[in-house]
>>> print(open('structure04.txt').read())   # compact mmCIF, C-alpha atoms
# COMPACT_ATOMS: atom_id res chain seq x y z
CA MET A 1 119.38 107.30 82.45
CA GLY A 2 119.24 108.19 78.79
CA VAL A 3 120.97 111.10 77.13
CA THR A 4 119.04 113.25 74.67
CA ALA A 5 120.18 116.23 72.63
CA LEU A 6 118.66 119.59 73.43
CA GLU A 7 117.28 121.62 70.53
CA PRO A 8 118.01 124.46 70.78
CA ALA A 9 121.23 123.75 72.66
CA ILE A 10 120.10 125.54 75.81
CA CYS A 11 117.58 124.64 78.51
CA LEU A 12 114.33 126.46 77.85
CA ARG A 13 113.93 127.07 81.58
CA CYS A 14 116.93 129.41 81.66
CA ALA A 15 118.12 132.34 79.52
CA GLN A 16 121.52 132.71 81.21
CA ARG A 17 123.19 129.90 79.20
CA SER A 18 125.67 129.32 82.01
CA CYS A 19 125.78 125.68 80.97
CA GLU A 20 127.51 126.68 77.72
CA LEU A 21 130.45 128.00 79.73
CA GLY A 22 131.05 124.74 81.57
CA ASP A 23 134.02 122.47 80.97
CA ALA A 24 133.70 120.19 77.98
CA CYS A 25 133.27 116.45 78.41
CA GLU A 26 132.13 116.66 82.02
CA LEU A 27 128.74 115.97 83.53
CA ALA A 28 127.51 119.00 85.48
CA PHE A 29 124.41 120.49 87.07
CA CYS A 30 123.12 123.99 86.50
CA GLN A 31 121.56 126.25 89.13
CA TYR A 32 118.18 124.62 88.47
CA ASP A 33 119.55 121.10 89.16
CA ILE A 34 119.33 120.08 85.52
CA ALA A 35 122.05 117.57 84.66
CA TYR A 36 123.82 118.31 81.37
CA TYR A 37 126.85 117.27 79.36
CA ASN A 38 128.85 119.53 77.05
CA ASP A 39 130.84 117.65 74.42
CA GLY A 40 132.47 120.86 73.18
CA GLN A 41 130.03 121.35 70.30
CA ARG A 42 126.58 120.44 71.61
CA LEU A 43 124.79 120.26 74.93
CA PHE A 44 123.06 117.11 76.09
CA ARG A 45 120.64 116.96 78.97
CA LYS A 46 120.36 113.81 81.07
CA GLN A 47 116.73 113.19 81.92
CA PRO A 48 116.15 111.83 85.42
CA SER A 49 114.77 108.32 85.24
CA LEU A 50 113.27 106.20 88.03
CA ALA A 51 111.59 102.84 87.48
CA ILE A 52 107.88 102.91 88.33
CA HIS A 53 108.34 99.84 90.51
CA ASP A 54 111.04 101.53 92.62
CA LEU A 55 108.99 104.69 92.92
CA SER A 56 105.77 102.91 93.87
CA ALA A 57 107.49 100.48 96.24
CA ASN A 58 108.98 103.43 98.09
CA LEU A 59 105.61 105.20 97.99
CA ARG A 60 103.92 102.21 99.62
CA HIS A 61 106.71 101.99 102.20
CA GLN A 62 105.98 105.61 103.15
CA LEU A 63 102.19 105.48 102.83
CA ASN A 64 101.41 102.18 104.50
CA PRO A 65 102.11 103.36 108.09
CA ILE A 66 100.00 106.47 107.43
CA LEU A 67 97.11 104.41 106.08
CA ASN A 68 97.34 102.11 109.10
CA VAL A 69 97.09 105.12 111.40
CA ILE A 70 93.96 106.29 109.59
CA VAL A 71 92.31 102.88 109.93
CA GLU A 72 93.37 102.50 113.58
CA GLN A 73 92.00 105.93 114.51
CA VAL A 74 88.70 105.25 112.76
CA ASP A 75 88.46 102.10 114.87
CA VAL A 76 89.07 104.21 117.99
CA ILE A 77 86.32 106.64 117.00
CA LYS A 78 83.94 103.81 116.11
CA PRO A 79 85.07 100.60 117.88
CA GLY A 80 84.64 97.39 115.93
CA ILE A 81 84.35 99.09 112.54
CA LEU A 82 87.11 96.88 111.10
CA THR A 83 85.27 93.64 111.81
CA ARG A 84 81.83 94.75 110.68
CA LYS A 85 80.36 94.25 107.24
CA LEU A 86 80.94 97.32 105.07
CA ASP A 87 78.01 99.74 105.23
CA ILE A 88 78.20 102.23 102.37
CA ASN A 89 75.85 104.58 104.26
CA ASP A 90 78.24 104.78 107.23
CA PRO A 91 80.92 107.51 106.94
CA ALA A 92 83.39 105.49 109.04
CA SER A 93 83.00 102.49 106.74
CA LYS A 94 83.61 104.74 103.74
CA VAL A 95 86.88 105.99 105.24
CA VAL A 96 88.10 102.41 105.81
CA ALA A 97 87.05 101.42 102.27
CA ALA A 98 88.74 104.42 100.67
CA THR A 99 91.94 103.68 102.60
CA LYS A 100 91.90 100.09 101.35
CA ILE A 101 91.43 101.27 97.74
CA LEU A 102 94.43 103.59 98.04
CA ASP A 103 96.63 100.83 99.45
CA LEU A 104 95.56 98.41 96.69
CA PHE A 105 96.33 101.00 94.02
CA VAL A 106 99.86 101.56 95.31
CA GLN A 107 100.38 97.79 95.48
CA MET A 108 99.20 97.57 91.89
CA LEU A 109 101.75 100.15 90.76
CA SER A 110 104.58 98.27 92.43
CA GLY A 111 103.44 95.09 90.69
CA VAL A 112 103.88 91.48 91.68
CA VAL A 113 107.53 92.01 92.66
CA GLY A 114 106.44 94.41 95.38
CA PHE A 115 103.67 92.10 96.56
CA HIS A 116 104.73 89.67 99.28
CA PRO A 117 102.22 86.93 100.10
CA PRO A 118 103.28 84.15 102.50
CA SER A 119 106.27 82.21 101.19
CA SER A 120 105.86 79.15 103.43
CA ALA A 121 103.43 76.30 102.85
CA GLU A 122 101.80 76.94 106.23
CA GLY A 123 101.29 80.60 105.41
CA LEU A 124 99.44 79.75 102.21
CA ARG A 125 96.47 78.42 104.13
CA GLY A 126 93.76 80.61 105.62
CA GLY A 127 90.44 80.11 103.89
CA CYS A 128 88.38 83.12 102.92
CA SER A 129 84.71 83.18 102.02
CA LEU A 130 84.16 83.91 98.33
CA SER A 131 80.74 85.50 98.90
CA GLU A 132 82.01 87.75 101.69
CA MET A 133 85.03 88.82 99.66
CA ILE A 134 83.04 89.66 96.52
CA THR A 135 80.36 91.48 98.51
CA LYS A 136 83.03 93.43 100.39
CA TYR A 137 84.85 94.71 97.30
CA PHE A 138 81.66 95.30 95.31
CA ALA A 139 80.57 97.60 98.15
CA THR A 140 84.05 99.10 98.56
CA TYR A 141 84.27 100.34 94.97
CA SER A 142 80.66 101.50 94.98
CA ILE A 143 81.69 104.43 97.19
CA LEU A 144 83.60 106.04 94.32
CA LYS A 145 81.26 108.44 92.55
CA ASP A 146 82.33 109.86 89.22
CA ALA A 147 80.69 110.68 85.90
CA ARG A 148 82.92 108.05 84.26
CA ARG A 149 81.92 105.29 86.69
CA SER A 150 78.71 103.28 86.65
CA GLN A 151 75.79 103.88 88.97
CA ASP A 152 73.12 101.67 90.52
CA LEU A 153 74.55 98.25 89.78
CA GLN A 154 73.09 95.10 91.31
CA LEU A 155 75.14 92.14 92.52
CA ARG A 156 73.80 88.62 92.07
CA LEU A 157 75.67 85.72 93.65
CA LYS A 158 74.79 82.36 92.15
CA PHE A 159 76.74 79.90 94.26
CA ALA A 160 76.71 78.30 97.69
CA GLU A 161 77.26 80.81 100.48
CA ASN A 162 79.62 78.45 102.35
CA LEU A 163 82.11 78.23 99.48
CA VAL A 164 85.66 78.94 100.64
CA LEU A 165 88.97 79.67 98.85
CA PRO A 166 91.43 77.76 101.05
CA TYR A 167 94.77 79.16 99.87
CA CYS A 168 96.51 82.55 99.45
CA PRO A 169 93.75 84.85 100.72
CA ASP A 170 95.88 87.97 100.03
CA ILE A 171 96.22 87.08 96.35
CA TRP A 172 92.51 86.32 96.05
CA GLU A 173 91.59 89.63 97.67
CA CYS A 174 93.65 91.57 95.14
CA ILE A 175 92.31 89.66 92.12
CA ILE A 176 88.69 90.07 93.26
CA ALA A 177 89.29 93.75 94.04
CA VAL A 178 90.56 94.39 90.49
CA LEU A 179 87.55 92.65 88.92
CA MET A 180 85.05 94.46 91.15
CA ASP A 181 86.70 97.78 90.37
CA ASN A 182 86.37 97.00 86.67
CA VAL A 183 82.64 96.31 86.82
CA TRP A 184 82.06 99.68 88.50
CA LYS A 185 84.21 101.45 85.91
CA TYR A 186 82.77 99.94 82.74
CA SER A 187 79.32 98.44 83.37
CA ILE A 188 76.23 100.07 81.91
CA ALA A 189 74.19 101.81 84.62
CA ASN A 190 71.21 100.00 86.15
CA THR A 191 72.42 96.55 85.10
CA ALA A 192 73.42 93.49 87.12
CA VAL A 193 76.76 91.89 87.84
CA GLU A 194 76.48 88.12 88.17
CA VAL A 195 78.96 85.78 89.84
CA GLU A 196 78.61 82.05 89.25
CA VAL A 197 80.67 79.04 90.30
CA ASP A 198 80.81 75.84 88.28
CA GLU A 199 81.88 73.04 90.62
CA THR A 200 81.26 70.21 88.18
CA ARG A 201 84.77 70.07 86.67
CA HIS A 202 86.57 68.71 89.77
CA LYS A 203 85.76 67.96 93.39
CA ARG A 204 88.28 70.48 94.69
CA ARG A 205 88.46 72.84 91.69
CA ALA A 206 85.91 75.18 90.17
CA ASN A 207 85.45 77.90 87.56
CA ILE A 208 84.39 81.28 88.92
CA SER A 209 82.77 83.58 86.35
CA ILE A 210 82.02 87.28 86.78
CA THR A 211 79.69 88.73 84.15
CA ASN A 212 78.65 92.31 83.46
CA LEU A 213 77.16 94.38 80.61
CA SER A 214 79.23 97.12 78.99
CA LYS A 215 79.96 98.85 75.71
CA PRO A 216 81.64 96.48 73.23
CA LEU A 217 85.41 96.23 73.45
CA PRO A 218 87.45 96.88 70.28
CA GLU A 219 88.07 93.73 68.29
CA GLY A 220 91.42 92.03 68.90
CA ILE A 221 92.30 94.03 72.02
CA ASP A 222 94.46 92.34 74.65
CA ILE A 223 92.89 93.66 77.83
CA PHE A 224 95.49 91.90 80.01
CA ALA A 225 98.43 93.76 78.45
CA ARG A 226 100.10 96.40 80.59
CA GLY A 227 98.81 99.90 79.98
CA VAL A 228 96.05 98.88 77.54
CA LYS A 229 92.83 100.89 77.83
CA ALA A 230 89.77 99.55 76.06
CA HIS A 231 88.21 102.99 75.53
CA PRO A 232 90.14 106.30 75.45
CA GLY A 233 89.03 108.69 78.16
CA THR A 234 87.90 106.01 80.58
CA GLU A 235 89.13 105.94 84.13
CA GLY A 236 92.18 103.88 84.98
CA PHE A 237 95.66 103.30 83.60
CA GLY A 238 95.34 99.80 82.15
CA LEU A 239 97.31 98.26 85.01
CA GLY A 240 94.70 96.33 87.01
CA LEU A 241 94.08 93.33 84.78
CA CYS A 242 97.79 93.01 84.01
CA TRP A 243 98.47 92.95 87.75
CA ALA A 244 95.74 90.34 88.27
CA GLN A 245 97.34 88.10 85.64
CA GLY A 246 100.67 88.46 87.40
CA LEU A 247 99.09 87.41 90.67
CA VAL A 248 97.56 84.35 89.00
CA PHE A 249 101.06 83.36 87.87
CA HIS A 250 102.34 83.98 91.40
CA TYR A 251 99.55 81.78 92.82
CA ASN A 252 100.52 78.92 90.51
CA THR A 253 104.17 79.30 91.49
CA LEU A 254 103.48 79.28 95.22
CA LEU A 255 101.22 76.23 95.01
CA ARG A 256 103.47 74.52 92.44
CA ARG A 257 100.59 74.16 90.02
CA ALA A 258 102.47 72.76 87.01
CA GLU A 259 99.31 71.16 85.58
CA ASP A 260 95.72 72.39 85.50
CA GLU A 261 96.93 75.83 86.52
CA LEU A 262 94.78 78.66 87.77
CA GLN A 263 93.89 80.91 84.83
CA LEU A 264 92.18 84.26 84.32
CA ASN A 265 90.38 84.43 80.98
CA HIS A 266 88.01 86.85 79.28
CA HIS A 267 85.22 86.36 76.73
CA GLN A 268 83.03 88.98 75.05
CA GLU A 269 79.56 88.27 73.67
CA LEU A 270 78.05 91.00 71.49
CA ILE A 271 74.37 91.65 72.05
CA SER A 272 71.89 94.23 70.74
CA ASN A 273 71.64 97.97 71.42
CA GLY A 274 75.39 98.61 71.46
CA MET A 275 75.97 96.38 74.46
CA ALA A 276 78.20 93.40 75.11
CA ARG A 277 78.35 90.78 77.80
CA GLN A 278 81.80 90.64 79.40
CA ARG A 279 82.68 87.44 81.20
CA PHE A 280 85.83 87.00 83.26
CA ILE A 281 86.49 83.37 84.16
CA ILE A 282 88.86 82.35 86.91
CA ALA A 283 89.41 78.75 85.86
CA GLY A 284 90.79 76.02 88.10
CA ALA A 285 90.22 77.79 91.42
CA ASP A 286 90.94 75.72 94.52
CA ILE A 287 87.73 75.53 96.56
CA CYS A 288 86.18 73.80 99.51
CA HIS A 289 83.12 74.36 101.68
CA ARG A 290 83.04 75.68 105.20
CA GLY A 291 83.38 72.70 107.49
CA ASP A 292 85.62 70.73 105.13
CA LYS A 293 89.04 69.61 106.38
CA HIS A 294 90.79 72.22 104.19
CA THR A 295 89.21 75.03 106.22
>>> encode(input="structure04.txt", output="structure tokens")
Amino acid sequence: MGVTALEPAICLRCAQRSCELGDACELAFCQYDIAYYNDGQRLFRKQPSLAIHDLSANLRHQLNPILNVIVEQVDVIKPGILTRKLDINDPASKVVAATKILDLFVQMLSGVVGFHPPSSAEGLRGGCSLSEMITKYFATYSILKDARRSQDLQLRLKFAENLVLPYCPDIWECIIAVLMDNVWKYSIANTAVEVEVDETRHKRRANISITNLSKPLPEGIDIFARGVKAHPGTEGFGLGLCWAQGLVFHYNTLLRRAEDELQLNHHQELISNGMARQRFIIAGADICHRGDKHT
């Protein structure tokens, strides 16, 4: 906790100045629970300070059971809703999707330290379908309607439907969720989001690219830095892409990828009419196809 001088030397919330009568050189609390310190000449107020990670980790600890209850009760009302493909026209599906978004956001605030994927080699396995995951989160974030979010986007998948990500499904879900949230926040309305997979670089590795059209980003901006927002006034806090990069590092650590590591990169291509093509490339992704031994 940091100590800052008050100017004037009284708390603006109170006109009684009872703090001025306190003993010098002792930390005390006034009737409004404001901590202060009187050095005999000036008053200092100690501002309460709590790390965002500690706050958000505790928030998720409290919220997660509540969110689970919501999802469980929706499944009671509409049995099987959790195993069905998300239908954005179904109110029950929207409730489940909104609950998932809230849980992901709290995880994002707590950061990688508060994210606990499997720590054992056996727990790292559990292949997940890339097409199903992208379709799921594209639909999930489409339920959020706001003047600052895009409308009427199309999703085009340009890769084999049986492509599977064989390791760390929890990490992949969070990375894909962040990227799908971004395309709904920043894409130009009535455009298409394209997802391609280049499998030519390695038999078991591939580059996954997600491309959308948006307004140009400012030159020289580091969009992966914590708290960076490309355009003032846009939705979000500049945490998502930073979190995704942290999860990429975590993935490499868990799989002991010292060489040819998984990477998340971004490229911008300026085009006409005040638009730019944004391409996020997940390079070096472990892949296999449904039916392979890895799955």
>>> residues_around(input="structure04.txt", residues="segment 138-151 of chain A", least_positions_apart="6", cutoff="10 Å", atoms="only C-alpha atoms", output="CSV table (one decimal) with C-alpha atoms, in the frame of the given file")
chain,number,residue,atom,x,y,z
A,85,LYS,CA,80.4,94.2,107.2
A,86,LEU,CA,80.9,97.3,105.1
A,87,ASP,CA,78.0,99.7,105.2
A,88,ILE,CA,78.2,102.2,102.4
A,89,ASN,CA,75.8,104.6,104.3
A,93,SER,CA,83.0,102.5,106.7
A,94,LYS,CA,83.6,104.7,103.7
A,95,VAL,CA,86.9,106.0,105.2
A,96,VAL,CA,88.1,102.4,105.8
A,97,ALA,CA,87.0,101.4,102.3
A,98,ALA,CA,88.7,104.4,100.7
A,99,THR,CA,91.9,103.7,102.6
A,100,LYS,CA,91.9,100.1,101.4
A,101,ILE,CA,91.4,101.3,97.7
A,132,GLU,CA,82.0,87.8,101.7
A,176,ILE,CA,88.7,90.1,93.3
A,177,ALA,CA,89.3,93.8,94.0
A,178,VAL,CA,90.6,94.4,90.5
A,179,LEU,CA,87.6,92.6,88.9
A,180,MET,CA,85.0,94.5,91.2
A,181,ASP,CA,86.7,97.8,90.4
A,182,ASN,CA,86.4,97.0,86.7
A,183,VAL,CA,82.6,96.3,86.8
A,184,TRP,CA,82.1,99.7,88.5
A,185,LYS,CA,84.2,101.4,85.9
A,186,TYR,CA,82.8,99.9,82.7
A,187,SER,CA,79.3,98.4,83.4
A,188,ILE,CA,76.2,100.1,81.9
A,189,ALA,CA,74.2,101.8,84.6
A,190,ASN,CA,71.2,100.0,86.2
A,191,THR,CA,72.4,96.6,85.1
A,193,VAL,CA,76.8,91.9,87.8
A,214,SER,CA,79.2,97.1,79.0
A,233,GLY,CA,89.0,108.7,78.2
A,234,THR,CA,87.9,106.0,80.6
A,235,GLU,CA,89.1,105.9,84.1
>>> closest_residue(input="structure04.txt", among="A:Ile282, A:Ala244, A:Met133, A:Ile175", to="Ile210 of chain A", atoms="only C-alpha atoms")
A:Ile282
>>> closest_residue(input="structure04.txt", among="A:Glu259, A:Glu269, A:Glu173, A:Glu72", to="Asn212 of chain A", atoms="all atoms listed in the file")
A:Glu269
>>> closest_residue(input="structure04.txt", among="A:Leu157, A:Leu63, A:Ala192, A:Leu217", to="Leu102 of chain A", atoms="all atoms listed in the file")
A:Leu63
>>> residues_near_point(input="structure04.txt", point="(83.6, 70.1, 90.6)", cutoff="12 Å", atoms="only C-alpha atoms", output="list in words")
Val197, Asp198, Glu199, Thr200, Arg201, His202, Lys203, Arg204, Arg205, Ala206, Asn207, Ile208, Ala283, Gly284, Ala285, Asp286, Ile287, Cys288 and His289 of chain A
>>> atom_distance(input="structure04.txt", atom1="atom CA of Gly291 of chain A", atom2="atom CA of Phe159 of chain A")
16.5 Å
>>> atom_distance(input="structure04.txt", atom1="atom CA of Asp152 of chain A", atom2="atom CA of Ala276 of chain A")
18.2 Å
>>> residues_near_point(input="structure04.txt", point="(101.3, 84.3, 85.4)", cutoff="12 Å", atoms="all atoms listed in the file", output="list in words")
Val112, Phe224, Leu241, Cys242, Trp243, Ala244, Gln245, Gly246, Leu247, Val248, Phe249, His250, Tyr251, Asn252, Thr253, Leu254, Arg257, Ala258, Glu261, Leu262, Gln263, Leu264 and Asn265 of chain A
>>> write_last_selection(input="structure04.txt", atoms="C-alpha atoms", output="mmCIF file, in the coordinates of the input")
data_model
loop_
_atom_site.group_PDB
_atom_site.id
_atom_site.type_symbol
_atom_site.label_atom_id
_atom_site.label_comp_id
_atom_site.auth_asym_id
_atom_site.auth_seq_id
_atom_site.Cartn_x
_atom_site.Cartn_y
_atom_site.Cartn_z
ATOM 1 C CA VAL A 112 103.880 91.480 91.680
ATOM 2 C CA PHE A 224 95.490 91.900 80.010
ATOM 3 C CA LEU A 241 94.080 93.330 84.780
ATOM 4 C CA CYS A 242 97.790 93.010 84.010
ATOM 5 C CA TRP A 243 98.470 92.950 87.750
ATOM 6 C CA ALA A 244 95.740 90.340 88.270
ATOM 7 C CA GLN A 245 97.340 88.100 85.640
ATOM 8 C CA GLY A 246 100.670 88.460 87.400
ATOM 9 C CA LEU A 247 99.090 87.410 90.670
ATOM 10 C CA VAL A 248 97.560 84.350 89.000
ATOM 11 C CA PHE A 249 101.060 83.360 87.870
ATOM 12 C CA HIS A 250 102.340 83.980 91.400
ATOM 13 C CA TYR A 251 99.550 81.780 92.820
ATOM 14 C CA ASN A 252 100.520 78.920 90.510
ATOM 15 C CA THR A 253 104.170 79.300 91.490
ATOM 16 C CA LEU A 254 103.480 79.280 95.220
ATOM 17 C CA ARG A 257 100.590 74.160 90.020
ATOM 18 C CA ALA A 258 102.470 72.760 87.010
ATOM 19 C CA GLU A 261 96.930 75.830 86.520
ATOM 20 C CA LEU A 262 94.780 78.660 87.770
ATOM 21 C CA GLN A 263 93.890 80.910 84.830
ATOM 22 C CA LEU A 264 92.180 84.260 84.320
ATOM 23 C CA ASN A 265 90.380 84.430 80.980
#
>>> build_atoms(input="structure04.txt", residues="segment 211-228 of chain A", atoms="N, CA and C atoms", output="PDB file, in the frame of the given file")
ATOM      1  N   THR A 211      80.272  88.230  85.393  1.00  0.00           N
ATOM      2  CA  THR A 211      79.690  88.730  84.150  1.00  0.00           C
ATOM      3  C   THR A 211      79.043  90.086  84.356  1.00  0.00           C
ATOM      4  N   ASN A 212      79.294  90.999  83.422  1.00  0.00           N
ATOM      5  CA  ASN A 212      78.650  92.310  83.460  1.00  0.00           C
ATOM      6  C   ASN A 212      78.354  92.779  82.041  1.00  0.00           C
ATOM      7  N   LEU A 213      77.515  93.801  81.917  1.00  0.00           N
ATOM      8  CA  LEU A 213      77.160  94.380  80.610  1.00  0.00           C
ATOM      9  C   LEU A 213      77.893  95.700  80.444  1.00  0.00           C
ATOM     10  N   SER A 214      78.492  95.893  79.256  1.00  0.00           N
ATOM     11  CA  SER A 214      79.230  97.120  78.990  1.00  0.00           C
ATOM     12  C   SER A 214      79.139  97.464  77.516  1.00  0.00           C
ATOM     13  N   LYS A 215      79.794  98.555  77.127  1.00  0.00           N
ATOM     14  CA  LYS A 215      79.960  98.850  75.710  1.00  0.00           C
ATOM     15  C   LYS A 215      80.901  97.799  75.117  1.00  0.00           C
ATOM     16  N   PRO A 216      80.749  97.481  73.840  1.00  0.00           N
ATOM     17  CA  PRO A 216      81.640  96.480  73.230  1.00  0.00           C
ATOM     18  C   PRO A 216      83.100  96.923  73.272  1.00  0.00           C
ATOM     19  N   LEU A 217      83.987  95.967  73.505  1.00  0.00           N
ATOM     20  CA  LEU A 217      85.410  96.230  73.450  1.00  0.00           C
ATOM     21  C   LEU A 217      85.898  96.174  72.008  1.00  0.00           C
ATOM     22  N   PRO A 218      86.910  96.943  71.647  1.00  0.00           N
ATOM     23  CA  PRO A 218      87.450  96.880  70.280  1.00  0.00           C
ATOM     24  C   PRO A 218      87.903  95.469  69.937  1.00  0.00           C
ATOM     25  N   GLU A 219      87.718  95.076  68.720  1.00  0.00           N
ATOM     26  CA  GLU A 219      88.070  93.730  68.290  1.00  0.00           C
ATOM     27  C   GLU A 219      89.584  93.518  68.343  1.00  0.00           C
ATOM     28  N   GLY A 220      90.005  92.377  68.863  1.00  0.00           N
ATOM     29  CA  GLY A 220      91.420  92.030  68.900  1.00  0.00           C
ATOM     30  C   GLY A 220      92.210  92.652  70.029  1.00  0.00           C
ATOM     31  N   ILE A 221      91.568  93.373  70.938  1.00  0.00           N
ATOM     32  CA  ILE A 221      92.300  94.030  72.020  1.00  0.00           C
ATOM     33  C   ILE A 221      92.744  93.011  73.058  1.00  0.00           C
ATOM     34  N   ASP A 222      93.945  93.184  73.577  1.00  0.00           N
ATOM     35  CA  ASP A 222      94.460  92.340  74.650  1.00  0.00           C
ATOM     36  C   ASP A 222      94.291  93.116  75.957  1.00  0.00           C
ATOM     37  N   ILE A 223      93.202  92.857  76.646  1.00  0.00           N
ATOM     38  CA  ILE A 223      92.890  93.660  77.830  1.00  0.00           C
ATOM     39  C   ILE A 223      93.800  93.337  79.014  1.00  0.00           C
ATOM     40  N   PHE A 224      94.582  92.261  78.918  1.00  0.00           N
ATOM     41  CA  PHE A 224      95.490  91.900  80.010  1.00  0.00           C
ATOM     42  C   PHE A 224      96.881  92.490  79.815  1.00  0.00           C
ATOM     43  N   ALA A 225      97.119  93.165  78.691  1.00  0.00           N
ATOM     44  CA  ALA A 225      98.430  93.760  78.450  1.00  0.00           C
ATOM     45  C   ALA A 225      98.608  95.004  79.307  1.00  0.00           C
ATOM     46  N   ARG A 226      99.823  95.242  79.729  1.00  0.00           N
ATOM     47  CA  ARG A 226     100.100  96.400  80.590  1.00  0.00           C
ATOM     48  C   ARG A 226      99.816  97.708  79.857  1.00  0.00           C
ATOM     49  N   GLY A 227      99.070  98.580  80.506  1.00  0.00           N
ATOM     50  CA  GLY A 227      98.810  99.900  79.980  1.00  0.00           C
ATOM     51  C   GLY A 227      97.758  99.981  78.891  1.00  0.00           C
ATOM     52  N   VAL A 228      97.077  98.865  78.591  1.00  0.00           N
ATOM     53  CA  VAL A 228      96.050  98.880  77.540  1.00  0.00           C
ATOM     54  C   VAL A 228      94.728  99.374  78.117  1.00  0.00           C
TER      55      VAL A 228
END
